[in-house]
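Quick look at data24.csv (CSV, C-alpha atoms):
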```csv
chain,number,residue,atom,x,y,z
A,682,MET,CA,-20.6,4.9,-45.2
A,683,ASN,CA,-20.1,6.8,-41.9
A,684,GLU,CA,-16.6,6.1,-40.8
A,685,ARG,CA,-17.8,5.6,-37.2
A,686,TYR,CA,-19.2,2.2,-38.3
A,687,ILE,CA,-16.4,1.0,-40.6
A,688,ARG,CA,-15.2,-1.6,-38.1
A,689,ASN,CA,-18.7,-3.1,-38.1
A,690,ILE,CA,-17.9,-4.3,-41.6
A,691,PRO,CA,-17.8,-7.2,-42.7
A,692,ALA,CA,-19.1,-8.8,-39.5
A,693,LEU,CA,-22.2,-6.8,-40.4
A,694,SER,CA,-23.0,-5.8,-44.0
A,695,GLU,CA,-23.5,-2.2,-45.0
A,696,HIS,CA,-27.1,-3.0,-45.5
A,697,GLU,CA,-27.4,-4.4,-41.9
A,698,CYS,CA,-25.7,-1.3,-40.5
A,699,ALA,CA,-28.3,0.8,-42.4
A,700,GLN,CA,-31.0,-1.3,-41.0
A,701,LEU,CA,-29.8,-0.7,-37.4
A,702,LEU,CA,-29.9,3.0,-38.0
A,703,GLN,CA,-33.6,2.7,-38.7
A,704,LYS,CA,-34.4,0.8,-35.5
A,705,THR,CA,-35.7,1.8,-32.1
A,706,VAL,CA,-34.7,-0.2,-29.1
A,707,ALA,CA,-35.9,0.2,-25.5
A,708,ILE,CA,-33.5,-0.6,-22.6
A,709,VAL,CA,-35.6,-1.1,-19.5
A,710,GLY,CA,-33.3,-0.7,-16.4
A,711,CYS,CA,-30.0,1.2,-16.6
A,712,GLY,CA,-28.1,-0.6,-13.9
A,713,GLY,CA,-25.9,-3.7,-14.1
A,714,LEU,CA,-27.2,-5.1,-17.4
A,715,GLY,CA,-28.7,-1.8,-18.6
A,716,GLY,CA,-25.5,0.2,-18.4
A,717,HIS,CA,-23.7,-2.3,-20.7
A,718,LEU,CA,-26.7,-2.6,-23.0
A,719,VAL,CA,-26.7,1.2,-23.4
A,720,GLU,CA,-23.0,1.2,-24.2
A,721,LEU,CA,-23.2,-1.6,-26.8
A,722,MET,CA,-26.4,-0.4,-28.6
A,723,ALA,CA,-25.1,3.1,-28.9
A,724,ARG,CA,-21.7,2.0,-30.2
A,725,ILE,CA,-23.0,-0.4,-32.8
A,726,GLY,CA,-25.3,2.2,-34.3
A,727,VAL,CA,-29.0,1.6,-33.4
A,728,GLY,CA,-30.8,4.7,-34.5
A,729,GLU,CA,-32.9,5.4,-31.5
A,730,LEU,CA,-32.7,4.3,-27.9
A,731,VAL,CA,-35.4,4.5,-25.2
A,732,VAL,CA,-33.8,4.4,-21.7
A,733,ILE,CA,-36.1,3.8,-18.8
A,734,ASP,CA,-35.1,3.7,-15.1
A,735,GLY,CA,-36.5,5.5,-12.0
A,736,ASP,CA,-33.6,4.6,-9.8
A,737,CYS,CA,-30.5,6.6,-8.7
A,738,PHE,CA,-27.0,5.3,-8.2
A,739,GLU,CA,-26.0,3.9,-4.8
A,740,LEU,CA,-22.6,2.9,-3.4
A,741,SER,CA,-23.4,-0.8,-3.8
A,742,ASN,CA,-23.8,-0.3,-7.6
A,743,LEU,CA,-20.1,0.5,-8.1
A,744,ASN,CA,-18.8,-3.1,-8.2
A,745,ARG,CA,-20.6,-3.8,-11.6
A,746,GLN,CA,-22.7,-1.0,-13.0
A,747,LEU,CA,-20.8,0.6,-15.9
A,748,LEU,CA,-22.6,4.0,-15.7
A,749,SER,CA,-21.9,4.4,-12.0
A,750,GLU,CA,-19.0,6.4,-10.7
A,751,THR,CA,-18.0,7.4,-7.2
A,752,ASP,CA,-19.0,11.0,-7.7
A,753,CYS,CA,-22.4,10.3,-9.2
A,754,ILE,CA,-24.0,8.6,-6.2
A,755,GLY,CA,-27.6,9.8,-6.0
A,756,PHE,CA,-27.7,10.7,-9.7
A,757,SER,CA,-30.4,9.4,-12.0
A,758,LYS,CA,-29.5,6.2,-13.9
A,759,ALA,CA,-31.7,7.1,-16.8
A,760,GLN,CA,-30.1,10.5,-17.1
A,761,ALA,CA,-26.6,9.0,-16.9
A,762,ALA,CA,-27.5,6.6,-19.7
A,763,ALA,CA,-28.7,9.4,-21.9
A,764,GLU,CA,-25.6,11.4,-21.2
A,765,ARG,CA,-23.4,8.4,-22.0
A,766,ILE,CA,-25.2,7.8,-25.3
A,767,ARG,CA,-24.7,11.4,-26.3
A,768,ARG,CA,-21.0,11.2,-25.5
A,769,ILE,CA,-20.5,7.9,-27.4
A,770,ASN,CA,-22.6,8.6,-30.4
A,771,PRO,CA,-24.5,11.9,-30.7
A,772,ASP,CA,-26.2,10.6,-33.9
A,773,VAL,CA,-28.3,8.3,-31.8
A,774,LYS,CA,-31.8,9.7,-30.9
A,775,VAL,CA,-32.5,9.3,-27.2
A,776,ARG,CA,-35.8,9.2,-25.3
A,777,VAL,CA,-35.3,9.3,-21.5
A,778,TYR,CA,-37.9,8.2,-19.0
A,779,GLN,CA,-36.8,8.7,-15.4
A,780,THR,CA,-39.5,6.4,-14.0
A,781,MET,CA,-40.1,2.9,-12.9
A,782,LEU,CA,-42.0,0.6,-15.2
A,783,ASP,CA,-45.5,-0.1,-14.0
A,784,THR,CA,-48.9,-1.3,-15.2
A,785,GLU,CA,-50.0,2.3,-16.0
A,786,ASN,CA,-47.0,3.4,-18.1
A,787,ALA,CA,-45.5,0.2,-19.6
A,788,ASP,CA,-47.5,0.3,-22.9
A,789,THR,CA,-46.7,3.9,-23.5
A,790,LEU,CA,-43.0,3.7,-22.7
A,791,ILE,CA,-42.2,0.9,-25.2
A,792,ALA,CA,-44.6,2.0,-27.9
A,793,GLY,CA,-43.0,2.1,-31.4
A,794,CYS,CA,-40.0,0.0,-30.4
A,795,ASP,CA,-38.6,-2.7,-32.7
A,796,ALA,CA,-37.2,-4.7,-29.7
A,797,VAL,CA,-37.0,-4.4,-25.9
A,798,LEU,CA,-33.9,-5.2,-23.9
A,799,ASP,CA,-34.3,-6.4,-20.4
A,800,GLY,CA,-32.0,-4.6,-17.9
A,801,LEU,CA,-34.3,-5.3,-14.9
A,802,ASP,CA,-33.4,-6.9,-11.6
A,803,ASN,CA,-36.6,-8.5,-10.4
A,804,ILE,CA,-39.1,-11.1,-11.6
A,805,SER,CA,-42.3,-9.1,-11.2
A,806,SER,CA,-41.1,-6.3,-13.4
A,807,ARG,CA,-39.9,-8.8,-16.0
A,808,LYS,CA,-43.4,-10.3,-16.1
A,809,LEU,CA,-45.0,-6.9,-16.4
A,810,LEU,CA,-42.6,-5.9,-19.3
A,811,LYS,CA,-43.1,-9.2,-21.1
A,812,GLN,CA,-46.9,-8.7,-20.9
A,813,ALA,CA,-46.5,-5.3,-22.4
A,814,CYS,CA,-44.2,-6.6,-25.1
A,815,SER,CA,-46.6,-9.4,-26.0
A,816,LYS,CA,-49.5,-6.9,-26.2
A,817,ALA,CA,-47.6,-4.6,-28.5
A,818,GLY,CA,-46.1,-7.4,-30.6
A,819,ILE,CA,-42.5,-6.5,-29.7
A,820,PRO,CA,-39.8,-9.1,-29.2
A,821,TYR,CA,-38.4,-9.1,-25.6
A,822,ILE,CA,-34.7,-10.0,-25.1
A,823,PHE,CA,-34.4,-11.5,-21.7
A,824,GLY,CA,-31.3,-11.2,-19.5
A,825,ALA,CA,-30.7,-12.1,-15.9
A,826,ILE,CA,-27.7,-12.7,-13.7
A,827,SER,CA,-26.8,-14.2,-10.3
A,828,GLY,CA,-23.2,-14.3,-9.0
A,829,TRP,CA,-21.2,-16.0,-11.7
A,830,VAL,CA,-24.2,-17.1,-13.8
A,831,ALA,CA,-26.0,-15.4,-16.6
A,832,GLN,CA,-29.1,-16.3,-18.6
A,833,THR,CA,-30.4,-14.8,-21.9
A,834,ALA,CA,-33.2,-15.6,-24.3
A,835,ILE,CA,-35.3,-14.1,-27.0
A,836,SER,CA,-39.0,-14.2,-26.1
A,837,MET,CA,-41.3,-13.6,-29.0
A,838,PRO,CA,-44.7,-11.9,-28.5
A,839,ASP,CA,-46.7,-15.2,-28.8
A,840,ASP,CA,-44.6,-17.3,-26.4
A,841,ASN,CA,-44.9,-17.7,-22.6
A,842,LEU,CA,-41.2,-18.3,-21.9
A,843,ILE,CA,-41.0,-15.9,-18.9
A,844,GLU,CA,-44.1,-17.5,-17.3
A,845,ILE,CA,-42.5,-20.9,-17.7
A,846,LEU,CA,-39.1,-19.7,-16.4
A,847,TYR,CA,-40.5,-18.0,-13.3
A,848,PRO,CA,-43.4,-20.0,-11.8
A,849,GLU,CA,-45.3,-18.3,-8.9
A,850,ASP,CA,-43.2,-19.7,-6.2
A,851,THR,CA,-39.8,-18.9,-7.7
A,852,LYS,CA,-37.3,-17.9,-5.0
A,853,LEU,CA,-34.1,-16.0,-5.7
A,854,THR,CA,-31.5,-17.2,-3.2
A,855,ASP,CA,-28.3,-15.4,-4.5
A,856,LYS,CA,-28.6,-11.7,-5.2
A,857,SER,CA,-24.8,-11.2,-5.7
A,858,ALA,CA,-23.5,-9.9,-9.0
A,859,LEU,CA,-19.8,-9.7,-10.1
A,860,SER,CA,-18.4,-7.1,-12.4
A,861,PHE,CA,-18.0,-9.4,-15.4
A,862,THR,CA,-21.4,-11.3,-15.2
A,863,PRO,CA,-23.6,-8.4,-16.4
A,864,ALA,CA,-21.0,-7.5,-19.1
A,865,LEU,CA,-21.2,-11.1,-20.5
A,866,CYS,CA,-25.0,-11.2,-20.2
A,867,ALA,CA,-25.5,-7.8,-21.9
A,868,SER,CA,-23.1,-8.8,-24.7
A,869,MET,CA,-25.1,-11.9,-25.4
A,870,GLN,CA,-28.4,-9.9,-25.3
A,871,SER,CA,-27.0,-7.3,-27.6
A,872,ALA,CA,-25.8,-9.9,-30.1
A,873,LEU,CA,-29.3,-11.5,-30.1
A,874,CYS,CA,-30.9,-8.1,-30.5
A,875,VAL,CA,-28.7,-7.2,-33.5
A,876,LYS,CA,-29.4,-10.5,-35.2
A,877,LEU,CA,-33.1,-10.0,-34.6
A,878,LEU,CA,-33.1,-6.5,-35.9
A,879,THR,CA,-31.2,-7.4,-39.1
A,880,GLY,CA,-33.3,-10.3,-39.9
A,881,ARG,CA,-30.8,-13.0,-39.2
A,882,ALA,CA,-31.9,-16.4,-37.9
A,883,VAL,CA,-32.3,-16.6,-34.1
A,884,GLN,CA,-33.2,-19.5,-31.8
A,885,THR,CA,-36.3,-19.0,-29.8
A,886,GLY,CA,-37.9,-21.3,-27.2
A,887,ALA,CA,-34.5,-21.7,-25.4
A,888,ILE,CA,-32.4,-20.1,-22.7
A,889,TYR,CA,-28.7,-19.5,-23.1
A,890,TYR,CA,-27.1,-20.3,-19.8
A,891,PHE,CA,-23.5,-19.3,-18.9
A,892,ASP,CA,-21.7,-20.3,-15.7
A,893,LEU,CA,-18.4,-18.4,-15.5
A,894,LEU,CA,-17.3,-20.2,-12.3
A,895,HIS,CA,-17.3,-23.6,-13.9
A,896,GLN,CA,-16.7,-22.3,-17.5
A,897,GLU,CA,-19.9,-24.0,-18.8
A,898,TYR,CA,-22.4,-23.0,-21.5
A,899,GLU,CA,-25.7,-24.7,-22.1
A,900,VAL,CA,-28.6,-24.0,-24.5
A,901,ILE,CA,-31.7,-25.1,-22.6
A,902,PRO,CA,-34.9,-25.7,-24.5
A,903,ILE,CA,-37.9,-24.2,-22.6
A,904,VAL,CA,-41.0,-25.9,-24.0
A,905,SER,CA,-44.1,-26.8,-22.0
A,906,SER,CA,-44.2,-30.5,-21.4
B,1394,MET,CA,-29.0,-45.8,-14.0
B,1395,ILE,CA,-30.2,-42.2,-14.0
B,1396,GLU,CA,-27.7,-39.4,-14.4
B,1397,VAL,CA,-28.4,-36.2,-12.4
B,1398,ARG,CA,-26.6,-33.0,-13.3
B,1399,LEU,CA,-26.6,-30.0,-10.9
B,1400,PHE,CA,-25.8,-26.5,-12.0
B,1401,ALA,CA,-24.5,-23.2,-10.4
B,1402,ASN,CA,-25.5,-22.8,-6.7
B,1403,LEU,CA,-27.1,-26.2,-6.5
B,1404,ARG,CA,-23.6,-27.6,-6.4
B,1405,LYS,CA,-22.8,-26.0,-3.1
B,1406,GLY,CA,-22.2,-28.8,-0.6
B,1407,ARG,CA,-23.1,-31.3,-3.4
B,1408,GLU,CA,-21.4,-33.0,-6.3
B,1409,LYS,CA,-21.7,-31.9,-9.9
B,1410,VAL,CA,-23.0,-35.2,-11.2
B,1411,TYR,CA,-24.8,-38.1,-9.5
B,1412,PHE,CA,-25.7,-41.6,-10.8
B,1413,MET,CA,-28.7,-43.2,-9.2
B,1414,GLU,CA,-30.3,-46.6,-9.5
B,1415,SER,CA,-33.5,-46.2,-11.4
B,1416,GLY,CA,-35.3,-48.8,-9.3
B,1417,SER,CA,-35.5,-46.5,-6.3
B,1418,ILE,CA,-36.5,-43.3,-8.2
B,1419,ALA,CA,-40.0,-42.7,-9.5
B,1420,THR,CA,-40.0,-39.0,-10.1
B,1421,VAL,CA,-37.7,-36.0,-10.3
B,1422,GLN,CA,-39.1,-35.0,-6.9
B,1423,ASP,CA,-37.6,-38.2,-5.5
B,1424,ILE,CA,-34.2,-37.1,-6.8
B,1425,MET,CA,-34.6,-33.7,-5.2
B,1426,ASP,CA,-35.6,-35.2,-1.9
B,1427,ARG,CA,-32.6,-37.6,-1.9
B,1428,LEU,CA,-30.2,-34.7,-2.6
B,1429,ALA,CA,-32.0,-32.4,0.0
B,1430,ILE,CA,-32.7,-29.8,-2.7
B,1431,PRO,CA,-35.8,-27.7,-1.8
B,1432,ARG,CA,-38.3,-27.5,-4.6
B,1433,GLU,CA,-38.4,-23.7,-4.6
B,1434,GLU,CA,-34.6,-23.6,-5.3
B,1435,VAL,CA,-35.0,-25.4,-8.6
B,1436,ASN,CA,-36.0,-23.1,-11.4
B,1437,ILE,CA,-35.4,-25.1,-14.6
B,1438,LEU,CA,-35.8,-28.9,-14.6
B,1439,LEU,CA,-34.9,-30.9,-17.7
B,1440,ILE,CA,-35.2,-34.5,-18.6
B,1441,ASN,CA,-33.0,-35.4,-21.6
B,1442,GLY,CA,-33.0,-31.7,-22.5
B,1443,PHE,CA,-36.7,-31.0,-22.3
B,1444,HIS,CA,-38.4,-28.8,-19.7
B,1445,GLN,CA,-40.4,-30.9,-17.2
B,1446,LYS,CA,-42.0,-30.7,-13.7
B,1447,PRO,CA,-41.0,-32.3,-10.4
B,1448,GLU,CA,-43.8,-34.8,-10.7
B,1449,THR,CA,-42.6,-36.1,-14.0
B,1450,LYS,CA,-41.6,-39.7,-14.0
B,1451,VAL,CA,-38.0,-40.6,-14.7
B,1452,ASN,CA,-36.8,-43.7,-16.5
B,1453,ASP,CA,-33.6,-45.7,-16.7
B,1454,GLU,CA,-30.8,-43.9,-18.6
B,1455,ASP,CA,-32.6,-40.5,-18.4
B,1456,ILE,CA,-30.4,-37.5,-17.8
B,1457,VAL,CA,-31.9,-35.1,-15.3
B,1458,SER,CA,-30.6,-31.5,-15.2
B,1459,LEU,CA,-31.5,-29.1,-12.4
B,1460,PHE,CA,-30.8,-25.3,-12.5
B,1461,PRO,CA,-31.5,-22.7,-9.7
B,1462,ALA,CA,-33.3,-19.4,-10.3
B,1463,VAL,CA,-31.4,-16.5,-11.9
B,1464,GLY,CA,-33.2,-13.2,-11.7
B,1465,GLY,CA,-30.9,-10.3,-10.9
B,1466,GLY,CA,-29.7,-7.6,-13.1
```
Would you encode the structure as structure tokens?
Amino acid sequence: MNERYIRNIPALSEHECAQLLQKTVAIVGCGGLGGHLVELMARIGVGELVVIDGDCFELSNLNRQLLSETDCIGFSKAQAAAERIRRINPDVKVRVYQTMLDTENADTLIAGCDAVLDGLDNISSRKLLKQACSKAGIPYIFGAISGWVAQTAISMPDDNLIEILYPEDTKLTDKSALSFTPALCASMQSALCVKLLTGRAVQTGAIYYFDLLHQEYEVIPIVSS
Amino acid sequence: MIEVRLFANLRKGREKVYFMESGSIATVQDIMDRLAIPREEVNILLINGFHQKPETKVNDEDIVSLFPAVGGG
């Protein structure tokens, strides 16, 4: 076994590590959530990563976005993600798309992926990505943050979890994000993703809700009444 | 008695938990009105752990949980 992955054992079996090397995962958005997702997926040993982001770093990203540095303001987030993956684990194949997800390109960008990780920062893009995942039959691993709070979930192709979670009139009142909140959220998303990719049991039809201010954790069933 | 649990930013200026007499409450919307919580600020609404709508009726001994929208990244 590749020594790089020795410390994955026995939390993961050798067979599960080999499974991960055969998988392709898209990370859509390479900012707060996405930066951590890139880091975690590259280190654990997913075989191929597709990184998608049309944005560039700004000063206001520095408080929480792992890939952002003072001297890289104005630099592409997707390119920074690809470079980070190469430095962490050159065995990982990388596909880089320096573009925003839209209705024209969504299907093409995620084609062939075994799972899609949500590193997005707005509701409309999430709905678009979820539609593309459902169409392609790809599991979508949702993540979202606000201030001290994080939410994650696995949305399978045949469910409407995102539509239920974000009705038309949904209003985001707190756009703050602290350094540790995306780290926690991305860690939970990554754990869900690894379980899914290795065939372990996962809970669907529920949101995992973390409140770091009040130290609370809830599993919220999301089922149409 | 109905137990109402508020989460995250919905606690700002409010308590974490309220207990309300069931006789004066017909729906979840009544609870939100009493606590001055705008409908658009509630993203997830549970009664006894199951996703419901503001128009849903509430009964004595129900536990109502209200969560705000979380959508950043």
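The point (-37.3, -21.6, -13.9) has these residues within 6 Å of it when all atoms listed in the file are used: A:Leu846, A:Tyr847, B:Asn1436, B:Ile1437, B:Ala1462.
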Residues of chain B within 7 Å of chain A, counting all atoms listed in the file, as an mmCIF file with C-alpha atoms, keeping the file's coordinate frame:
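Contents of out-v5.cif, as written:
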```cif
data_model
loop_
_atom_site.group_PDB
_atom_site.id
_atom_site.type_symbol
_atom_site.label_atom_id
_atom_site.label_comp_id
_atom_site.auth_asym_id
_atom_site.auth_seq_id
_atom_site.Cartn_x
_atom_site.Cartn_y
_atom_site.Cartn_z
ATOM 1 C CA ALA B 1401 -24.500 -23.200 -10.400
ATOM 2 C CA GLU B 1433 -38.400 -23.700 -4.600
ATOM 3 C CA GLU B 1434 -34.600 -23.600 -5.300
ATOM 4 C CA ASN B 1436 -36.000 -23.100 -11.400
ATOM 5 C CA ILE B 1437 -35.400 -25.100 -14.600
ATOM 6 C CA GLY B 1442 -33.000 -31.700 -22.500
ATOM 7 C CA PHE B 1443 -36.700 -31.000 -22.300
ATOM 8 C CA HIS B 1444 -38.400 -28.800 -19.700
ATOM 9 C CA GLN B 1445 -40.400 -30.900 -17.200
ATOM 10 C CA ALA B 1462 -33.300 -19.400 -10.300
ATOM 11 C CA VAL B 1463 -31.400 -16.500 -11.900
ATOM 12 C CA GLY B 1464 -33.200 -13.200 -11.700
ATOM 13 C CA GLY B 1465 -30.900 -10.300 -10.900
ATOM 14 C CA GLY B 1466 -29.700 -7.600 -13.100
#
```
For this session: Give me the residues within 8 Å of Phe1400 (chain B) as a count of residues only, counting only C-alpha atoms and dropping any in the same chain fewer than 4 places off.
Result: 6
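Atom to atom, CA of Arg1398 (chain B) and CA of Met837 (chain A) stand 29.0 Å apart.
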For this session: Fewer than 4 positions away in the same chain doesn't count, so skip those; otherwise give me all residues within 12 Å of Ala1429 (chain B), counting all atoms listed in the file, as a PyMOL selection string.
Result: chain B and resi 1403-1407+1422-1425+1433-1435
Exercise. Leaving out Leu693 (chain A) and any residue of its chain fewer than 6 positions from it, which residues lie within 12 Å of it when counting only C-alpha atoms, given as a PyMOL selection string?
Worked result: chain A and resi 686-687+699-701+725-726+872+875-876+878-881
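Note that CA of Arg688 (chain A) and CA of Pro771 (chain A) are 18.0 Å apart.
One distance worth recording is that between CA of Met781 (chain A) and CA of Gly818 (chain A), which is 21.3 Å.
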Neighbour list for Val1397 (chain B) as a PDB file with C-alpha atoms, keeping the file's coordinate frame, cut-off 10 Å, only C-alpha atoms, skip fewer than 3 positions in-chain:
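Okay, this is what ended up in around_7.pdb:
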```
ATOM      1  CA  MET B1394     -29.000 -45.800 -14.000  1.00  0.00           C
ATOM      2  CA  GLU B1408     -21.400 -33.000  -6.300  1.00  0.00           C
ATOM      3  CA  LYS B1409     -21.700 -31.900  -9.900  1.00  0.00           C
ATOM      4  CA  VAL B1410     -23.000 -35.200 -11.200  1.00  0.00           C
ATOM      5  CA  TYR B1411     -24.800 -38.100  -9.500  1.00  0.00           C
ATOM      6  CA  PHE B1412     -25.700 -41.600 -10.800  1.00  0.00           C
ATOM      7  CA  MET B1413     -28.700 -43.200  -9.200  1.00  0.00           C
ATOM      8  CA  VAL B1421     -37.700 -36.000 -10.300  1.00  0.00           C
ATOM      9  CA  ILE B1424     -34.200 -37.100  -6.800  1.00  0.00           C
ATOM     10  CA  MET B1425     -34.600 -33.700  -5.200  1.00  0.00           C
ATOM     11  CA  LEU B1439     -34.900 -30.900 -17.700  1.00  0.00           C
ATOM     12  CA  ILE B1440     -35.200 -34.500 -18.600  1.00  0.00           C
ATOM     13  CA  ASP B1455     -32.600 -40.500 -18.400  1.00  0.00           C
ATOM     14  CA  ILE B1456     -30.400 -37.500 -17.800  1.00  0.00           C
ATOM     15  CA  VAL B1457     -31.900 -35.100 -15.300  1.00  0.00           C
ATOM     16  CA  SER B1458     -30.600 -31.500 -15.200  1.00  0.00           C
ATOM     17  CA  LEU B1459     -31.500 -29.100 -12.400  1.00  0.00           C
TER      18      LEU B1459
END
```
For this session: Please provide the set of residues having any atom within 10 Å of Ala759 (chain A), restricted to all atoms listed in the file, with same-chain residues fewer than 5 positions apart removed, written as number ranges by chain.
Result: A: 708-712, 715-716, 731-738, 748, 764-765, 776-780
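Distances from A:Leu877, A:Ala763, A:Leu702, A:Leu721 to Ile819 (chain A) were compared using all atoms listed in the file, and the smallest one belongs to A:Leu877.
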